[in-house]
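Let me begin by presenting the structure, written as structure tokens, before commenting on it.
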Amino acid sequence: LFLAVCAVGIGGTFQYGYNVSIINAPTQHIHKFLNETWTSRYHKGLNPHLLTFLWSVIASIFSLGGLCGALMGGSMAIRLGRKGALLMNNLIAILASILMGLSYPTGLFELLIAGRFLIGINSGIGFCVQPLYIGEIAPKHLRGGLAMGTSIFLTGGILTGQIIGLRELLGGEKYWPLLLSSSCFPAFAQLLFLPWFPESPRYLLIDRGDELSCAKALKRFHGSSEYRREMEDIQRESSVLDGEKPKKPWQLFTDRSVRWQLITVIVMTIGQQLSGINAIYFYATYIFEAAGISAEKIPYVTLGTGACECLTALSCGLLIDYVGRRYLIIGGYLLMTLWCTVLTFSLTYQDLYSWMPYVSMMSIFAFILSFGLGPGGITNTLIAELFVQSSRPAAYMIGGTLSWISFFTIGMLFPFIVNGLKQYCFLVFLLECSFVAAFIFLVIPETKNKSFLEIKKDFHKLNFGRST
């Protein structure tokens, strides 16, 4: 099971985290490349506004690709299987790497845009299909910890990208095309290791009706003595669904039996993106400078934020099946509310007291730790648990689509929010974190150690009222 999670994660959410992270290091070098290419092509300098626009397209087209990938991921998982979809997805990553690697030697910045769009599609599909596969292969007593593999590989990708993007490695002027095309290595690793593992047993039995292959896969994942209980659980779910075909995303919106599960996915997905984590990273450089850290050393301090996220994802993976989902996610949002308050005060009085920048710095790391311990890790885990087999791929398509739209929107609007509200922008995030914590407390039941049918039964009262 552990090796299967690693094989799935390296070409899944690792790619997402890695490609979000590596684009920051070569910003100045890409600006120079755009200027030189434009000058050699049109024999005149590139207008600064057009340069900003081209750079924005290169940076943000990744989100648009992610959105397309999220819309494709569920359908691919149904047609090709969870494992088949992930393997096919690596071909997109390899093509994207080739295009980005060729952009500099050919002098075609359009290849860079196309490559970023394709790697976005790869990340969107991986972000959708990886937690689907892990959620379906895990026994219920380990489901939370294994599902945290999604978050662990995502934060591991961010940290790896930050390290490889240092100027001493591939972040220098000579090597930035290699840095952007290095996404092919995780893709090759997954193509090498994932074929050794079976397809999702739930997919094999419920979607394909292949009981023999399902039993074989369960024996591989759970052992010859333990697989029968899980087999019985899948058979019960299969008989309840009674040959029901996988649903399309729009069908979930009209299905009363999943109404509150769907509302939960919408609130938690948008809540995760709008929680203020992007604001924290935006403010990090400014706060580190105010604390007296030199500009040359800031990239190394930023590695600390990446290490923080990675550490909390690992901690959450160890705690989730003991503490439960509800306590961790509510606690995470409440702690983030507290640190938003502290940050607002510390940034307001930053210039009055010499020690105040250090309070801001501590709050940044504490906020990241709180995010990783709750919303950052558990949101994807819960989406896998709230739906039965026929609705799960569609739920991930909806969750993924909302996540990428929110990611793109916050990227576009955030600079205006910060410029308008300054440090008081954290009051907006404070209210948002409080609202999501209250919603989870009032609506979401604990899912620890429960089968998918038991969780569906818990939501039945909410969806149909107490009388039914």
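Residues are named by chain letter and number: chains run A, B, ... in the order of the structure tokens, numbers start at 1 in each chain, and ligands are numbered from 1 in the order shown.
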
Using only C-alpha atoms, determine which residues lie at most 12 Å from A:Ala215, disregarding the query and same-chain residues fewer than 4 positions distant; provide the list as a VMD selection string. chain A and resid 137 198 to 205 209 to 211 219 to 232 234 to 235

Show me, as an MDAnalysis selection string, the residues that have an atom within 10 Å of stretch 128-136 of chain A when counting only C-alpha atoms, minus same-chain residues fewer than 6 positions from it. chainID A and resid 1 4:5 8:13 66 69:78 81:83 85:86 89 142:144 146:151 199:203 234 380:385 389 392:401

Got a sec: who's within 8 Å of stretch 319-330 of chain A, counting only C-alpha atoms, leaving out chain neighbours fewer than 4 positions off, as a count of residues only? 22

List the neighbours of A:Asp255 out to 10 Å using only C-alpha atoms; skip same-chain residues closer than 6 positions along the sequence, and give me the result as a PyMOL selection string. chain A and resi 247+262+463

Backbone DSSP call of alpha helix (DSSP H) for stretch 87-273 of chain A, listed as a PyMOL selection string: chain A and resi 87-106+109-137+143-147+149-164+176-181+184-193+201-202+211-222+227-241+249-253+259-273

Could you pull the residues within 8 Å of A:Trp339, counting only C-alpha atoms, minus those fewer than 4 positions along the same chain, as a PyMOL selection string? chain A and resi 335+343+363-364+366-367

Using only C-alpha atoms, can you tell me which of A:Leu180, A:Leu34, A:Met88, A:Ile22 comes closest to A:Leu50?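 Going through A:Leu180, A:Leu34, A:Met88, A:Ile22 one by one, the smallest distance to A:Leu50 is for A:Leu34.
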